[in-house]
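**Student:** Provided below: upload37.txt, containing compact mmCIF, C-alpha atoms.
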```
# COMPACT_ATOMS: atom_id res chain seq x y z
CA MET S 1 143.64 117.64 133.49
CA GLY S 2 141.72 117.32 130.35
CA ARG S 3 141.61 115.15 127.30
CA ASP S 4 145.16 115.77 126.10
CA VAL S 5 146.49 115.14 129.51
CA ILE S 6 144.82 114.47 132.62
CA PRO S 7 147.42 115.89 135.18
CA GLY S 8 150.62 114.12 139.44
CA ILE S 9 153.59 115.96 139.61
CA ILE S 10 156.54 114.77 137.52
CA ASN S 11 159.96 115.56 139.02
CA GLY S 12 158.26 117.19 141.99
CA ARG S 13 159.14 116.96 145.66
CA VAL S 14 157.28 116.07 148.84
CA ALA S 15 155.14 119.07 149.69
CA LEU S 16 154.89 121.02 152.87
CA PRO S 17 151.28 121.03 154.05
CA TRP S 18 149.46 123.64 151.98
CA PRO S 19 146.36 124.42 154.08
CA TRP S 20 144.08 125.28 151.16
CA GLN S 21 144.81 122.09 149.18
CA VAL S 22 141.92 119.63 149.15
CA SER S 23 141.41 116.27 147.49
CA ILE S 24 138.15 115.30 145.82
CA GLN S 25 137.58 111.58 146.25
CA THR S 26 135.07 108.85 145.60
CA SER S 27 133.29 107.14 148.50
CA ASN S 28 135.92 104.36 148.49
CA GLY S 29 138.80 106.82 148.71
CA ASP S 30 139.94 106.90 145.09
CA LEU S 31 141.38 110.24 143.99
CA LEU S 32 139.25 112.13 141.45
CA CYS S 33 140.87 115.57 141.43
CA GLY S 34 142.49 118.27 143.49
CA GLY S 35 140.94 121.54 144.53
CA SER S 36 141.45 124.52 146.79
CA LEU S 37 139.57 126.03 149.72
CA ILE S 38 138.65 129.67 149.00
CA SER S 39 136.28 130.28 151.95
CA ASN S 40 134.77 128.19 154.73
CA TYR S 41 132.02 126.87 152.41
CA TRP S 42 133.62 126.95 148.97
CA ILE S 43 136.06 124.87 146.89
CA LEU S 44 137.56 125.88 143.54
CA THR S 45 138.33 123.08 141.06
CA ALA S 46 138.25 122.26 137.34
CA ALA S 47 135.02 121.76 135.40
CA HIS S 48 136.38 118.72 133.56
CA CYS S 49 136.62 116.85 136.89
CA GLU S 50 132.81 116.50 136.64
CA VAL S 51 132.29 116.46 140.40
CA LYS S 52 128.92 115.10 141.49
CA PRO S 53 127.19 115.65 144.88
CA GLY S 54 126.51 112.37 146.64
CA THR S 55 129.19 110.59 144.60
CA HIS S 56 132.24 112.64 145.51
CA TYR S 57 133.57 114.07 148.77
CA VAL S 58 136.02 116.84 149.69
CA ILE S 59 138.88 115.99 152.06
CA LEU S 60 140.53 118.89 153.88
CA GLY S 61 143.69 118.94 156.00
CA GLN S 62 145.26 115.95 154.29
CA ASN S 63 148.90 115.59 153.30
CA ASP S 64 149.40 111.81 153.31
CA ARG S 65 146.46 109.98 151.72
CA GLY S 66 147.77 106.71 153.20
CA SER S 67 147.80 107.93 156.80
CA ASN S 68 145.12 107.35 159.42
CA ASN S 69 146.74 109.78 161.84
CA GLU S 70 145.93 113.09 160.19
CA LEU S 71 143.16 115.38 161.48
CA ILE S 72 141.26 115.45 158.21
CA GLN S 73 137.80 116.83 157.54
CA VAL S 74 135.54 114.90 155.17
CA LYS S 75 132.82 117.06 153.63
CA LYS S 76 129.78 116.30 151.54
CA ILE S 77 129.13 118.52 148.52
CA ALA S 78 125.83 120.42 148.59
CA LYS S 79 125.97 122.14 145.19
CA VAL S 80 128.13 122.25 142.07
CA PHE S 81 128.39 125.41 139.95
CA THR S 82 130.18 124.93 136.63
CA HIS S 83 131.02 127.97 134.53
CA PRO S 84 128.19 128.51 132.01
CA ASN S 85 130.66 128.85 129.13
CA TYR S 86 132.61 125.69 129.90
CA ASN S 87 132.83 123.55 126.79
CA ARG S 88 134.51 120.16 126.81
CA GLN S 89 134.81 120.20 123.04
CA ALA S 90 136.40 123.65 122.97
CA LYS S 91 139.69 122.54 124.46
CA PHE S 92 138.66 122.97 128.07
CA ASN S 93 137.95 126.66 127.79
CA ASN S 94 136.42 128.14 131.00
CA ASP S 95 137.50 125.01 132.89
CA VAL S 96 136.30 126.12 136.32
CA THR S 97 133.79 124.77 138.85
CA LEU S 98 132.80 125.90 142.35
CA LEU S 99 131.70 123.39 144.99
CA LYS S 100 129.60 124.43 147.96
CA LEU S 101 130.21 122.25 151.00
CA SER S 102 127.24 120.94 152.99
CA SER S 103 128.86 122.20 156.20
CA PRO S 104 131.61 124.79 156.74
CA ALA S 105 135.26 123.85 156.97
CA GLN S 106 136.75 124.28 160.44
CA MET S 107 139.75 126.55 160.08
CA SER S 108 143.03 125.52 161.69
CA SER S 109 146.77 125.53 161.04
CA ARG S 110 146.10 122.69 158.57
CA VAL S 111 142.97 124.13 156.93
CA SER S 112 142.73 127.72 155.69
CA PRO S 113 141.70 129.40 152.44
CA ILE S 114 143.87 130.67 149.60
CA CYS S 115 143.52 134.29 148.47
CA LEU S 116 142.24 134.97 144.96
CA PRO S 117 143.76 137.60 142.66
CA SER S 118 141.71 140.57 141.52
CA SER S 119 140.23 140.48 138.02
CA SER S 120 142.81 143.08 136.96
CA ALA S 121 145.80 141.17 138.36
CA ARG S 122 148.67 140.63 135.92
CA ILE S 123 151.50 138.20 136.47
CA LEU S 124 154.78 138.49 134.62
CA PRO S 125 156.23 135.60 132.61
CA GLY S 126 159.10 134.02 134.51
CA THR S 127 157.43 134.49 137.91
CA LEU S 128 158.06 131.35 139.96
CA CYS S 129 154.89 129.72 141.30
CA VAL S 130 154.03 126.39 142.95
CA THR S 131 151.65 123.65 141.84
CA THR S 132 150.57 120.82 144.15
CA GLY S 133 148.78 117.50 143.84
CA TRP S 134 148.59 113.79 144.55
CA GLY S 135 148.59 112.79 140.91
CA LYS S 136 150.90 110.68 138.81
CA THR S 137 154.63 110.74 139.56
CA GLU S 138 157.55 109.15 137.70
CA THR S 139 156.95 105.91 139.62
CA GLU S 140 153.32 105.89 140.81
CA MET S 141 149.91 106.38 139.20
CA THR S 142 148.89 108.42 142.22
CA SER S 143 151.03 109.63 145.08
CA HIS S 144 150.12 108.97 148.71
CA ILE S 145 151.95 112.09 149.87
CA LEU S 146 151.18 115.52 148.45
CA GLN S 147 153.79 116.60 145.89
CA GLU S 148 154.76 120.08 144.80
CA ALA S 149 156.76 121.64 141.98
CA THR S 150 157.98 125.17 141.37
CA LEU S 151 157.19 126.34 137.84
CA PRO S 152 157.72 129.64 136.00
CA ILE S 153 154.79 131.42 134.38
CA VAL S 154 155.02 131.13 130.58
CA SER S 155 153.92 133.98 128.31
CA GLN S 156 150.72 133.61 126.30
CA ASN S 157 152.74 133.97 123.10
CA GLN S 158 155.12 131.14 124.02
CA CYS S 159 152.18 128.95 125.04
CA ARG S 160 150.33 129.69 121.79
CA GLU S 161 153.45 128.76 119.84
CA GLN S 162 153.42 125.40 121.65
CA PHE S 163 149.73 124.52 121.34
CA GLY S 164 148.40 126.76 118.57
CA PRO S 165 146.85 130.24 118.82
CA SER S 166 143.25 129.06 118.82
CA LYS S 167 143.71 126.62 121.72
CA ILE S 168 145.11 129.09 124.27
CA THR S 169 142.42 131.60 125.23
CA ASP S 170 142.43 134.58 127.59
CA ALA S 171 140.77 132.27 130.14
CA MET S 172 143.99 130.24 130.37
CA ILE S 173 147.45 130.80 131.83
CA CYS S 174 150.48 128.59 131.19
CA ALA S 175 153.39 127.56 133.41
CA GLY S 176 156.25 125.07 133.35
CA ALA S 177 158.51 123.82 130.56
CA SER S 178 161.24 123.92 133.18
CA GLY S 179 161.92 120.32 134.25
CA ALA S 180 158.76 119.53 136.24
CA SER S 181 155.09 119.15 135.39
CA SER S 182 151.64 118.48 136.75
CA CYS S 183 150.21 115.20 135.45
CA GLN S 184 147.20 112.86 135.61
CA GLY S 185 145.38 113.23 138.94
CA ASP S 186 146.44 116.82 139.66
CA SER S 187 143.49 118.28 137.75
CA GLY S 188 141.57 120.97 139.58
CA GLY S 189 144.43 121.66 141.95
CA PRO S 190 146.00 125.07 142.48
CA LEU S 191 148.85 126.97 140.91
CA VAL S 192 149.82 129.53 143.56
CA CYS S 193 152.16 132.52 143.47
CA GLU S 194 153.50 134.64 146.32
CA SER S 195 153.34 138.42 146.38
CA SER S 196 154.52 140.48 149.38
CA GLY S 197 154.27 137.46 151.66
CA VAL S 198 150.73 136.53 150.57
CA TRP S 199 149.93 133.48 148.44
CA TYR S 200 147.41 133.89 145.62
CA GLN S 201 145.85 131.20 143.43
CA VAL S 202 146.68 132.17 139.87
CA GLY S 203 145.62 128.97 138.09
CA ILE S 204 143.63 125.73 138.23
CA VAL S 205 145.29 122.63 136.74
CA SER S 206 143.47 122.07 133.44
CA TRP S 207 145.27 120.38 130.55
CA GLY S 208 148.50 119.68 128.68
CA LEU S 209 150.25 116.83 126.88
CA LYS S 210 149.33 113.25 127.85
CA THR S 211 153.01 112.51 128.32
CA CYS S 212 153.36 115.22 131.02
CA ASP S 213 156.53 116.29 129.18
CA VAL S 214 158.54 118.40 131.63
CA ASP S 215 159.83 120.58 128.77
CA VAL S 216 156.34 121.61 127.62
CA PRO S 217 154.14 124.11 129.46
CA LEU S 218 150.97 123.12 131.24
CA VAL S 219 147.70 124.97 130.81
CA TYR S 220 145.75 126.27 133.81
CA ALA S 221 142.42 128.06 134.05
CA ARG S 222 143.27 131.71 134.76
CA VAL S 223 141.64 132.55 138.11
CA SER S 224 141.72 136.35 137.68
CA TYR S 225 139.65 135.95 134.49
CA PHE S 226 136.88 134.28 136.53
CA ARG S 227 137.02 136.49 139.61
CA LYS S 228 133.74 138.33 138.92
CA TRP S 229 131.89 135.07 138.23
CA ILE S 230 133.32 133.50 141.39
CA ASP S 231 132.30 136.51 143.49
CA GLU S 232 128.75 136.42 142.09
CA ILE S 233 128.28 132.71 142.78
CA LEU S 234 129.52 133.11 146.36
CA LYS S 235 127.35 136.19 146.93
CA TYR S 236 124.06 134.70 145.73
CA ASN S 237 124.45 131.10 146.93
```
Would you mind writing the file's structure down as structure tokens?

**Tutor:**
Amino acid sequence: MGRDVIPGIINGRVALPWPWQVSIQTSNGDLLCGGSLISNYWILTAAHCEVKPGTHYVILGQNDRGSNNELIQVKKIAKVFTHPNYNRQAKFNNDVTLLKLSSPAQMSSRVSPICLPSSSARILPGTLCVTTGWGKTETEMTSHILQEATLPIVSQNQCREQFGPSKITDAMICAGASGASSCQGDSGGPLVCESSGVWYQVGIVSWGLKTCDVDVPLVYARVSYFRKWIDEILKYN
């Protein structure tokens, strides 16, 4: 997450394996950010993670970062595409980056992509969705085992009342204020919602309060807002 907070899951629970969840790590295994697999070559994450090819790696199929027994895939990053209108100073507006892997992910029961919503998709406030990450918990700076929390979508009006009308743009969607929260280390990870048995990625963990207050919403990049840009990058690269 961004400057105000850099999101772990507070008051979360141990996650089931979510096959699209990836971790972005340094060469010595330190956690930089989360991300999600959206096709065999492409990862969706947050721009403020500042992922760099050659410095950072994508780990797929991982649930327990402390285990040596998982069938993980470690991928180099070939290219990084950050949204052209991303602006660190402008409160993490357009906080979205695409990573192209140097070789395709091998799909399995542990590794498969998340669906993306259409650009016209609307999600009602109160809809229960799930956020996942290895970030800060109540007791640890980073969690070894993937954590998850179920959070309701918060209306734009309620979120603007919390943070101020100028800080919450149409490129953002808010969730939480319900007893759990993403926190430092979860940045770039997915907020996913289920519709008719299919999971869709509605948000990318972006920013919130430094305290990860479980009674305050968290702000996510709104994936539907970026769908056309995502499709264009994937088509031409």

**Student:** What is the distance, in Å and to one decimal place, between CA of Trp20 in chain S and CA of Arg65 in chain S?

**Tutor:**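 Interatomic distance here is 15.5 Å.
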
**Student:** Using all atoms listed in the file, which of the listed residues (S:Asp95, S:Glu161, S:Glu232, S:Glu194) sits closest to Cys129 in chain S?

**Tutor:** S:Glu194

**Student:** Kindly give the distance, in Å, that separates CA of Cys115 in chain S and CA of Ser67 in chain S, rounded to a single decimal.

**Tutor:**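 Computing it gives 28.0 Å between the two atoms.
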
**Student:** With only C-alpha atoms as the basis for distance, which of S:Ser102, S:Thr127, S:Ser155, S:Ser187 is at the shortest distance from Ser206 in chain S?

**Tutor:**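 The shortest atom-to-atom distance to Ser206 in chain S comes from S:Ser187.
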
**Student:** Give the answer as one residue: which of S:Gln156, S:Asp186, S:Pro217, S:Ala78 has the shortest atom-to-atom distance to Gly135 in chain S, using all atoms listed in the file?

**Tutor:**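 When distances to Gly135 in chain S are compared using all atoms listed in the file, the smallest one comes from S:Asp186.
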
**Student:** Applying 9 Å and only C-alpha atoms, which residues near range 80-91 of chain S remain after dropping the ones on its own chain fewer than 4 positions away? List them as a count of residues only.

**Tutor:** 22

**Student:** Find the residue from S:Pro125, S:Pro113, S:Gly66, S:Gly29 that sits nearest to Cys174 in chain S; use all atoms listed in the file when measuring.

**Tutor:**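 The closest residue to Cys174 in chain S is S:Pro125.
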
**Student:** Please indicate the distance in Å from CA of Asn157 in chain S to CA of Pro117 in chain S, rounded to one decimal place.

**Tutor:**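 Here the two named atoms are 21.8 Å from each other.
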
**Student:** Could you please fill out range 83-101 of chain S with N, CA, C and O atoms and send it back as a PDB file, in the coordinates of the input?

**Tutor:**
```
ATOM      1  N   HIS S  83     131.101 126.735 135.322  1.00  0.00           N
ATOM      2  CA  HIS S  83     131.020 127.970 134.530  1.00  0.00           C
ATOM      3  C   HIS S  83     130.106 127.759 133.326  1.00  0.00           C
ATOM      4  O   HIS S  83     130.208 126.754 132.615  1.00  0.00           O
ATOM      5  N   PRO S  84     129.188 128.698 133.091  1.00  0.00           N
ATOM      6  CA  PRO S  84     128.190 128.510 132.010  1.00  0.00           C
ATOM      7  C   PRO S  84     128.809 128.400 130.625  1.00  0.00           C
ATOM      8  O   PRO S  84     128.193 127.827 129.720  1.00  0.00           O
ATOM      9  N   ASN S  85     130.018 128.916 130.444  1.00  0.00           N
ATOM     10  CA  ASN S  85     130.660 128.850 129.130  1.00  0.00           C
ATOM     11  C   ASN S  85     131.693 127.740 129.010  1.00  0.00           C
ATOM     12  O   ASN S  85     132.458 127.695 128.055  1.00  0.00           O
ATOM     13  N   TYR S  86     131.704 126.843 130.005  1.00  0.00           N
ATOM     14  CA  TYR S  86     132.610 125.690 129.900  1.00  0.00           C
ATOM     15  C   TYR S  86     132.162 124.810 128.737  1.00  0.00           C
ATOM     16  O   TYR S  86     130.984 124.538 128.562  1.00  0.00           O
ATOM     17  N   ASN S  87     133.139 124.368 127.964  1.00  0.00           N
ATOM     18  CA  ASN S  87     132.830 123.550 126.790  1.00  0.00           C
ATOM     19  C   ASN S  87     133.916 122.498 126.644  1.00  0.00           C
ATOM     20  O   ASN S  87     135.051 122.804 126.314  1.00  0.00           O
ATOM     21  N   ARG S  88     133.544 121.264 126.909  1.00  0.00           N
ATOM     22  CA  ARG S  88     134.510 120.160 126.810  1.00  0.00           C
ATOM     23  C   ARG S  88     135.144 120.093 125.433  1.00  0.00           C
ATOM     24  O   ARG S  88     136.313 119.795 125.277  1.00  0.00           O
ATOM     25  N   GLN S  89     134.326 120.342 124.419  1.00  0.00           N
ATOM     26  CA  GLN S  89     134.810 120.200 123.040  1.00  0.00           C
ATOM     27  C   GLN S  89     135.768 121.337 122.675  1.00  0.00           C
ATOM     28  O   GLN S  89     136.612 121.174 121.811  1.00  0.00           O
ATOM     29  N   ALA S  90     135.606 122.473 123.347  1.00  0.00           N
ATOM     30  CA  ALA S  90     136.400 123.650 122.970  1.00  0.00           C
ATOM     31  C   ALA S  90     137.691 123.718 123.787  1.00  0.00           C
ATOM     32  O   ALA S  90     138.037 124.731 124.339  1.00  0.00           O
ATOM     33  N   LYS S  91     138.367 122.595 123.862  1.00  0.00           N
ATOM     34  CA  LYS S  91     139.690 122.540 124.460  1.00  0.00           C
ATOM     35  C   LYS S  91     139.691 123.028 125.890  1.00  0.00           C
ATOM     36  O   LYS S  91     140.577 123.744 126.306  1.00  0.00           O
ATOM     37  N   PHE S  92     138.651 122.648 126.643  1.00  0.00           N
ATOM     38  CA  PHE S  92     138.660 122.970 128.070  1.00  0.00           C
ATOM     39  C   PHE S  92     138.705 124.459 128.354  1.00  0.00           C
ATOM     40  O   PHE S  92     139.309 124.898 129.325  1.00  0.00           O
ATOM     41  N   ASN S  93     138.052 125.231 127.501  1.00  0.00           N
ATOM     42  CA  ASN S  93     137.950 126.660 127.790  1.00  0.00           C
ATOM     43  C   ASN S  93     136.978 126.854 128.967  1.00  0.00           C
ATOM     44  O   ASN S  93     136.011 126.112 129.118  1.00  0.00           O
ATOM     45  N   ASN S  94     137.258 127.853 129.816  1.00  0.00           N
ATOM     46  CA  ASN S  94     136.420 128.140 131.000  1.00  0.00           C
ATOM     47  C   ASN S  94     136.304 126.918 131.907  1.00  0.00           C
ATOM     48  O   ASN S  94     135.219 126.587 132.390  1.00  0.00           O
ATOM     49  N   ASP S  95     137.450 126.286 132.154  1.00  0.00           N
ATOM     50  CA  ASP S  95     137.500 125.010 132.890  1.00  0.00           C
ATOM     51  C   ASP S  95     137.501 125.263 134.396  1.00  0.00           C
ATOM     52  O   ASP S  95     138.495 125.030 135.088  1.00  0.00           O
ATOM     53  N   VAL S  96     136.372 125.745 134.911  1.00  0.00           N
ATOM     54  CA  VAL S  96     136.300 126.120 136.320  1.00  0.00           C
ATOM     55  C   VAL S  96     134.947 125.732 136.908  1.00  0.00           C
ATOM     56  O   VAL S  96     133.905 125.902 136.267  1.00  0.00           O
ATOM     57  N   THR S  97     134.990 125.170 138.117  1.00  0.00           N
ATOM     58  CA  THR S  97     133.790 124.770 138.850  1.00  0.00           C
ATOM     59  C   THR S  97     133.954 125.184 140.313  1.00  0.00           C
ATOM     60  O   THR S  97     135.051 125.104 140.865  1.00  0.00           O
ATOM     61  N   LEU S  98     132.841 125.620 140.913  1.00  0.00           N
ATOM     62  CA  LEU S  98     132.800 125.900 142.350  1.00  0.00           C
ATOM     63  C   LEU S  98     131.962 124.842 143.039  1.00  0.00           C
ATOM     64  O   LEU S  98     130.897 124.466 142.544  1.00  0.00           O
ATOM     65  N   LEU S  99     132.442 124.358 144.181  1.00  0.00           N
ATOM     66  CA  LEU S  99     131.700 123.390 144.990  1.00  0.00           C
ATOM     67  C   LEU S  99     131.315 124.051 146.297  1.00  0.00           C
ATOM     68  O   LEU S  99     132.165 124.623 146.982  1.00  0.00           O
ATOM     69  N   LYS S 100     130.025 123.955 146.641  1.00  0.00           N
ATOM     70  CA  LYS S 100     129.600 124.430 147.960  1.00  0.00           C
ATOM     71  C   LYS S 100     129.514 123.237 148.900  1.00  0.00           C
ATOM     72  O   LYS S 100     128.846 122.242 148.608  1.00  0.00           O
ATOM     73  N   LEU S 101     130.211 123.330 150.022  1.00  0.00           N
ATOM     74  CA  LEU S 101     130.210 122.250 151.000  1.00  0.00           C
ATOM     75  C   LEU S 101     128.903 122.245 151.774  1.00  0.00           C
ATOM     76  O   LEU S 101     128.264 123.276 151.961  1.00  0.00           O
TER      77      LEU S 101
END
```
